[in-house]
file data-v2.cif (mmCIF, C-alpha atoms)
data_protein
#
loop_
_atom_site.label_atom_id
_atom_site.label_comp_id
_atom_site.auth_asym_id
_atom_site.auth_seq_id
_atom_site.Cartn_x
_atom_site.Cartn_y
_atom_site.Cartn_z
CA MET D 994 0.00 0.00 0.00
CA PHE D 995 2.78 2.43 0.94
CA LYS D 996 4.47 1.66 -2.39
CA TRP D 997 1.29 2.64 -4.26
CA LEU D 998 0.95 5.81 -2.19
CA GLY D 999 4.54 6.64 -3.04
CA LEU D 1000 3.90 6.18 -6.77
CA ILE D 1001 0.76 8.31 -6.60
CA ALA D 1002 2.72 11.05 -4.83
CA ILE D 1003 5.42 10.96 -7.51
CA VAL D 1004 2.86 11.20 -10.31
CA PHE D 1005 1.17 14.11 -8.52
CA VAL D 1006 4.47 15.96 -8.17
CA LEU D 1007 5.24 15.38 -11.87
CA ILE D 1008 1.84 16.74 -12.92
CA VAL D 1009 2.23 19.82 -10.72
CA GLY D 1010 5.78 20.29 -11.99
CA MET D 1011 4.71 20.10 -15.63
CA THR D 1012 1.86 22.55 -15.01
CA ALA D 1013 4.23 24.96 -13.27
CA TYR D 1014 6.69 24.62 -16.16
CA PHE D 1015 4.08 25.58 -18.74
CA PHE D 1016 2.83 28.50 -16.63
CA MET D 1017 6.39 29.76 -16.30
CA LYS D 1018 7.23 29.26 -19.97
CA GLY D 1019 3.99 30.69 -21.32
CA PRO D 1020 3.31 31.32 -25.03
CA ASP D 1021 6.11 31.54 -27.59
CA VAL D 1022 6.92 35.26 -27.35
CA SER D 1023 8.97 35.20 -30.56
CA ARG D 1024 5.66 35.06 -32.47
CA TYR D 1025 4.88 38.58 -31.29
CA GLU D 1026 8.12 40.39 -32.06
CA TYR D 1027 6.43 42.17 -34.98
CA LEU D 1028 4.31 44.06 -32.45
CA LYS D 1029 7.33 46.01 -31.24
CA GLU D 1030 5.97 48.49 -33.76
CA PRO D 1031 2.26 49.32 -33.33
CA GLN D 1032 -0.10 47.51 -35.68
CA LEU D 1033 -3.73 47.46 -36.77
CA SER D 1034 -5.48 44.11 -37.14
CA GLU D 1035 -8.91 42.52 -37.35
CA LYS D 1036 -9.72 40.08 -34.56
CA PRO D 1037 -12.78 37.88 -34.01
CA ASP D 1038 -14.84 37.95 -30.83
CA GLN D 1039 -13.52 35.66 -28.10
CA PRO D 1040 -15.38 33.65 -25.42
CA VAL D 1041 -13.63 34.17 -22.08
CA LEU D 1042 -13.69 33.19 -18.45
CA VAL D 1043 -13.75 36.42 -16.42
CA VAL D 1044 -12.95 37.27 -12.82
CA GLU D 1045 -14.20 40.74 -11.91
CA ALA D 1046 -12.35 42.36 -9.03
CA LYS D 1047 -11.89 45.83 -7.57
CA GLY D 1048 -8.55 46.98 -6.19
CA ASP D 1049 -4.92 47.68 -6.92
CA PRO D 1050 -3.77 45.01 -9.45
CA ASN D 1051 -0.37 44.93 -7.74
CA LEU D 1052 -2.03 43.83 -4.50
CA ILE D 1053 -4.92 41.63 -5.67
CA GLY D 1054 -3.34 40.22 -8.84
CA GLY D 1055 -1.98 37.08 -7.18
CA GLN D 1056 -5.33 36.10 -5.68
CA VAL D 1057 -7.26 36.95 -8.84
CA PHE D 1058 -5.02 35.08 -11.29
CA SER D 1059 -4.81 32.10 -8.96
CA LEU D 1060 -8.61 31.88 -8.94
CA LEU D 1061 -8.74 32.48 -12.69
CA PHE D 1062 -6.42 29.58 -13.56
CA LYS D 1063 -7.90 27.27 -10.92
CA THR D 1064 -11.38 27.88 -12.34
CA TYR D 1065 -10.12 27.55 -15.92
CA TYR D 1066 -8.93 24.00 -15.26
CA SER D 1067 -12.22 23.08 -13.60
CA LEU D 1068 -14.39 24.17 -16.56
CA LYS D 1069 -16.53 21.62 -18.33
CA ASP D 1070 -16.45 21.16 -22.13
CA ASN D 1071 -13.45 23.43 -22.53
CA ALA D 1072 -10.39 22.68 -24.70
CA LYS D 1073 -7.66 23.51 -22.18
CA ASP D 1074 -4.31 24.98 -23.18
CA PHE D 1075 -1.34 24.85 -20.79
CA ARG D 1076 0.20 27.87 -22.53
CA VAL D 1077 -2.88 30.07 -22.52
CA ALA D 1078 -2.11 33.75 -21.83
CA ALA D 1079 -4.18 35.72 -19.34
CA ARG D 1080 -5.51 39.15 -20.23
CA ALA D 1081 -7.25 42.01 -18.45
CA ARG D 1082 -9.50 44.94 -19.25
CA TRP D 1083 -10.40 48.05 -17.27
CA PRO D 1084 -13.85 49.48 -18.13
CA HIS D 1085 -13.14 52.93 -16.70
CA ILE D 1086 -10.55 55.64 -17.39
CA ILE D 1087 -8.16 54.25 -14.82
CA ALA D 1088 -5.66 57.12 -14.96
CA THR D 1089 -8.16 59.36 -13.13
CA LEU D 1090 -8.74 56.94 -10.23
CA PRO D 1091 -6.54 55.74 -7.36
CA LYS D 1092 -5.49 52.14 -7.95
CA GLU D 1093 -7.52 50.79 -5.04
CA GLN D 1094 -10.65 51.87 -6.94
CA TRP D 1095 -9.75 50.23 -10.25
CA LEU D 1096 -12.36 47.76 -11.49
CA GLY D 1097 -10.64 45.04 -13.50
CA TRP D 1098 -11.89 42.23 -15.70
CA TYR D 1099 -9.25 39.47 -15.65
CA ALA D 1100 -9.78 36.77 -18.27
CA LEU D 1101 -8.64 33.64 -20.07
CA PRO D 1102 -9.81 32.57 -23.56
CA VAL D 1103 -12.09 29.51 -23.50
CA SER D 1104 -14.09 27.37 -25.89
CA ALA D 1105 -17.57 28.54 -26.87
CA THR D 1106 -18.92 25.39 -25.21
CA ALA D 1107 -17.21 25.98 -21.82
CA ARG D 1108 -19.36 25.68 -18.69
CA LEU D 1109 -18.71 26.40 -15.02
CA PRO D 1110 -19.14 23.41 -12.69
CA TYR D 1111 -22.70 23.29 -11.35
CA ASP D 1112 -21.45 23.59 -7.74
CA PHE D 1113 -19.03 26.48 -8.42
CA LYS D 1114 -19.04 29.37 -5.93
CA ALA D 1115 -16.84 32.44 -6.25
CA PRO D 1116 -14.99 33.71 -3.15
CA PRO D 1117 -16.51 36.77 -1.41
CA GLY D 1118 -15.78 40.04 -3.20
CA LEU D 1119 -15.04 38.40 -6.55
CA LYS D 1120 -17.38 37.74 -9.46
CA VAL D 1121 -16.73 34.87 -11.89
CA SER D 1122 -18.57 34.47 -15.20
CA LEU D 1123 -18.34 33.32 -18.79
CA ALA D 1124 -18.67 36.07 -21.39
CA VAL D 1125 -17.78 37.06 -24.95
CA TRP D 1126 -15.29 39.87 -25.46
CA HIS D 1127 -15.86 41.84 -28.65
CA TYR D 1128 -12.91 42.85 -30.80
CA GLY D 1129 -13.03 43.93 -34.45
CA THR D 1130 -10.43 46.51 -35.52
CA MET D 1131 -7.69 46.55 -32.89
CA ALA D 1132 -4.59 48.66 -32.36
CA GLU D 1133 -1.81 46.72 -30.61
CA ILE D 1134 1.75 47.15 -29.43
CA LEU D 1135 4.18 44.90 -27.55
CA HIS D 1136 5.59 46.25 -24.29
CA ILE D 1137 8.78 44.61 -23.04
CA GLY D 1138 9.65 45.48 -19.46
CA PRO D 1139 7.97 46.14 -16.09
CA TYR D 1140 4.31 47.09 -15.90
CA SER D 1141 5.31 50.34 -14.17
CA ALA D 1142 7.07 51.45 -17.38
CA GLU D 1143 4.09 50.99 -19.72
CA ALA D 1144 3.26 54.71 -19.98
CA THR D 1145 5.74 55.41 -22.79
CA THR D 1146 4.51 52.41 -24.80
CA ILE D 1147 0.89 53.49 -24.35
CA VAL D 1148 1.77 56.98 -25.65
CA ARG D 1149 3.37 55.38 -28.73
CA LEU D 1150 0.21 53.38 -29.37
CA LYS D 1151 -2.05 56.42 -28.97
CA ASP D 1152 0.15 58.49 -31.30
CA PHE D 1153 -0.03 55.68 -33.88
CA ILE D 1154 -3.84 55.51 -33.61
CA LYS D 1155 -4.17 59.25 -34.10
CA ALA D 1156 -1.71 59.34 -37.01
CA ARG D 1157 -3.66 56.60 -38.80
CA GLY D 1158 -6.91 58.54 -38.47
CA TYR D 1159 -8.53 56.32 -35.84
CA ARG D 1160 -9.97 56.87 -32.39
CA ILE D 1161 -10.23 54.56 -29.39
CA THR D 1162 -13.67 53.11 -28.64
CA GLY D 1163 -12.99 50.15 -26.35
CA GLU D 1164 -11.40 49.45 -22.98
CA HIS D 1165 -7.68 49.38 -22.34
CA GLU D 1166 -6.66 45.71 -22.57
CA GLU D 1167 -3.44 43.91 -21.72
CA GLU D 1168 -2.43 40.37 -22.67
CA TYR D 1169 0.29 38.88 -20.47
CA LEU D 1170 2.56 36.73 -22.62
CA LYS D 1171 5.35 36.56 -20.07
CA GLY D 1172 5.34 37.84 -16.51
CA PRO D 1173 5.44 36.59 -12.92
CA SER D 1174 5.41 32.80 -12.59
CA LEU D 1175 4.39 30.39 -9.86
CA PHE D 1176 7.94 30.68 -8.53
CA GLY D 1177 8.03 34.44 -8.05
CA PRO D 1178 8.14 37.74 -9.94
CA GLY D 1179 11.08 36.77 -12.16
CA ASP D 1180 12.85 39.56 -14.04
CA PRO D 1181 10.40 42.43 -14.80
CA ASP D 1182 12.72 43.64 -17.57
CA ASN D 1183 11.76 40.49 -19.49
CA TYR D 1184 7.99 40.77 -19.11
CA TYR D 1185 6.13 40.66 -22.44
CA THR D 1186 2.75 42.41 -22.51
CA ILE D 1187 0.54 43.18 -25.51
CA ILE D 1188 -1.31 46.46 -25.00
CA LYS D 1189 -4.40 46.77 -27.19
CA CYS D 1190 -7.65 48.66 -27.68
CA GLN D 1191 -10.58 48.65 -30.08
CA VAL D 1192 -10.56 51.51 -32.59
CA VAL D 1193 -12.73 52.97 -35.36
CA LYS D 1194 -11.86 55.18 -38.31
CA LYS D 1195 -12.52 58.89 -37.78
CA MET D 1196 -14.88 60.58 -40.23
CA LYS D 1197 -13.40 63.34 -42.36
CA LYS D 1198 -14.67 66.84 -41.66
CA MET D 1199 -16.31 67.09 -45.11
CA GLU D 1200 -18.20 63.84 -44.50
CA GLU D 1201 -19.31 65.05 -41.08
CA THR D 1202 -20.52 68.34 -42.57
CA SER D 1203 -22.51 66.64 -45.34
CA THR D 1204 -24.48 64.57 -42.82
CA ARG D 1205 -25.65 67.55 -40.75
#
call {"tool": "encode", "arguments": {"input": "data-v2.cif", "output": "structure tokens"}}
result
Amino acid sequence: MFKWLGLIAIVFVLIVGMTAYFFMKGPDVSRYEYLKEPQLSEKPDQPVLVVEAKGDPNLIGGQVFSLLFKTYYSLKDNAKDFRVAARARWPHIIATLPKEQWLGWYALPVSATARLPYDFKAPPGLKVSLAVWHYGTMAEILHIGPYSAEATTIVRLKDFIKARGYRITGEHEEEYLKGPSLFGPGDPDNYYTIIKCQVVKKMKKMEETSTR
């Protein structure tokens, strides 16, 4: 019996180790090098698992992402991906609010058929749901480095959007290709984050005048 328990323990450690390895490794960041320069692209809508939480992301992020991934692997009828990248949206103009008041939607892409377990209950203060995030025309840029240094990259993206004759219509979104792992914060200088937002083409002044 003890021999079987030992084998089960070894298998459990291997599974946990493999899961931790994939979390740490994350997606292949080399696929996103082209986004070092801002780009426009068309993206389809995406079903997601969402954890809604209010507070400073630097303080609540660990709890939120832990719940997000734990729930992701408990979903029914979902094609799971060990290298899935988490993302987040903020529905308000966060620059005007103190961080403890930020409302964040933290998410993972899921299959359209995904279902929460029938007995699932979210922890107090957190809301968990399945939703569809709408995309369409997106402006994106890759930020390499700590989250605290994103401001310059965001300005580059906004300047690009304006120069191309577009305006922002959707929430600020970030996709975390490489960041803190299960083993700690790692090296923030090597974090890879895609910053994106939904945009629409501005109407020319003559077109606006003709419709009045």
call {"tool": "atom_distance", "arguments": {"input": "data-v2.cif", "atom1": "CA of Glu1093 (chain D)", "atom2": "CA of Leu1052 (chain D)"}}
result
8.9 Å
call {"tool": "resolve_selection", "arguments": {"input": "data-v2.cif", "expression": "the PyMOL selection byres ((chain D and resi 1028-1030) around 6)", "output": "compact mmCIF listing (two decimals) with C-alpha atoms, in the coordinates of the input"}}
result
# COMPACT_ATOMS: atom_id res chain seq x y z
CA TYR D 1025 4.88 38.58 -31.29
CA GLU D 1026 8.12 40.39 -32.06
CA TYR D 1027 6.43 42.17 -34.98
CA PRO D 1031 2.26 49.32 -33.33
CA ILE D 1134 1.75 47.15 -29.43
CA LEU D 1135 4.18 44.90 -27.55
call {"tool": "residues_near_point", "arguments": {"input": "data-v2.cif", "point": "(-1.1, 49.9, -22.7)", "cutoff": "10 Å", "atoms": "only C-alpha atoms", "output": "list of chain:residue names"}}
result
D:Glu1133, D:Ile1134, D:Leu1135, D:His1136, D:Tyr1140, D:Ala1142, D:Glu1143, D:Ala1144, D:Thr1145, D:Thr1146, D:Ile1147, D:Val1148, D:Arg1149, D:Leu1150, D:Lys1151, D:His1165, D:Glu1166, D:Glu1167, D:Glu1168, D:Thr1186, D:Ile1187, D:Ile1188, D:Lys1189, D:Cys1190
call {"tool": "atom_distance", "arguments": {"input": "data-v2.cif", "atom1": "CA of Ala1107 (chain D)", "atom2": "CA of Ala1072 (chain D)"}}
result
8.1 Å
call {"tool": "resolve_selection", "arguments": {"input": "data-v2.cif", "expression": "the PyMOL selection byres ((chain D and resi 1059) around 12)", "output": "list in words"}}
result
Phe1016, Val1044, Ile1053, Gly1054, Gly1055, Gln1056, Val1057, Phe1058, Leu1060, Leu1061, Phe1062, Lys1063, Thr1064, Tyr1065, Tyr1066, Ala1079, Tyr1099, Ala1100, Leu1101, Pro1116, Pro1173, Ser1174 and Leu1175 of chain D
call {"tool": "resolve_selection", "arguments": {"input": "data-v2.cif", "expression": "the PyMOL selection byres ((chain D and resi 1096) around 6)", "output": "PyMOL selection string"}}
result
chain D and resi 1046-1047+1095+1097
call {"tool": "closest_residue", "arguments": {"input": "data-v2.cif", "among": "D:Ala1078, D:Val1041, D:Met1196, D:Leu1033", "to": "Ser1122 (chain D)", "atoms": "only C-alpha atoms"}}
result
D:Val1041
call {"tool": "axis_aligned_box", "arguments": {"input": "data-v2.cif", "around": "region 1167-1170 of chain D", "padding_each_side": "4 Å", "output": "JSON"}}
result
{"center_x": -0.4, "center_y": 40.3, "center_z": -21.6, "size_x": 14.0, "size_y": 15.2, "size_z": 10.2}
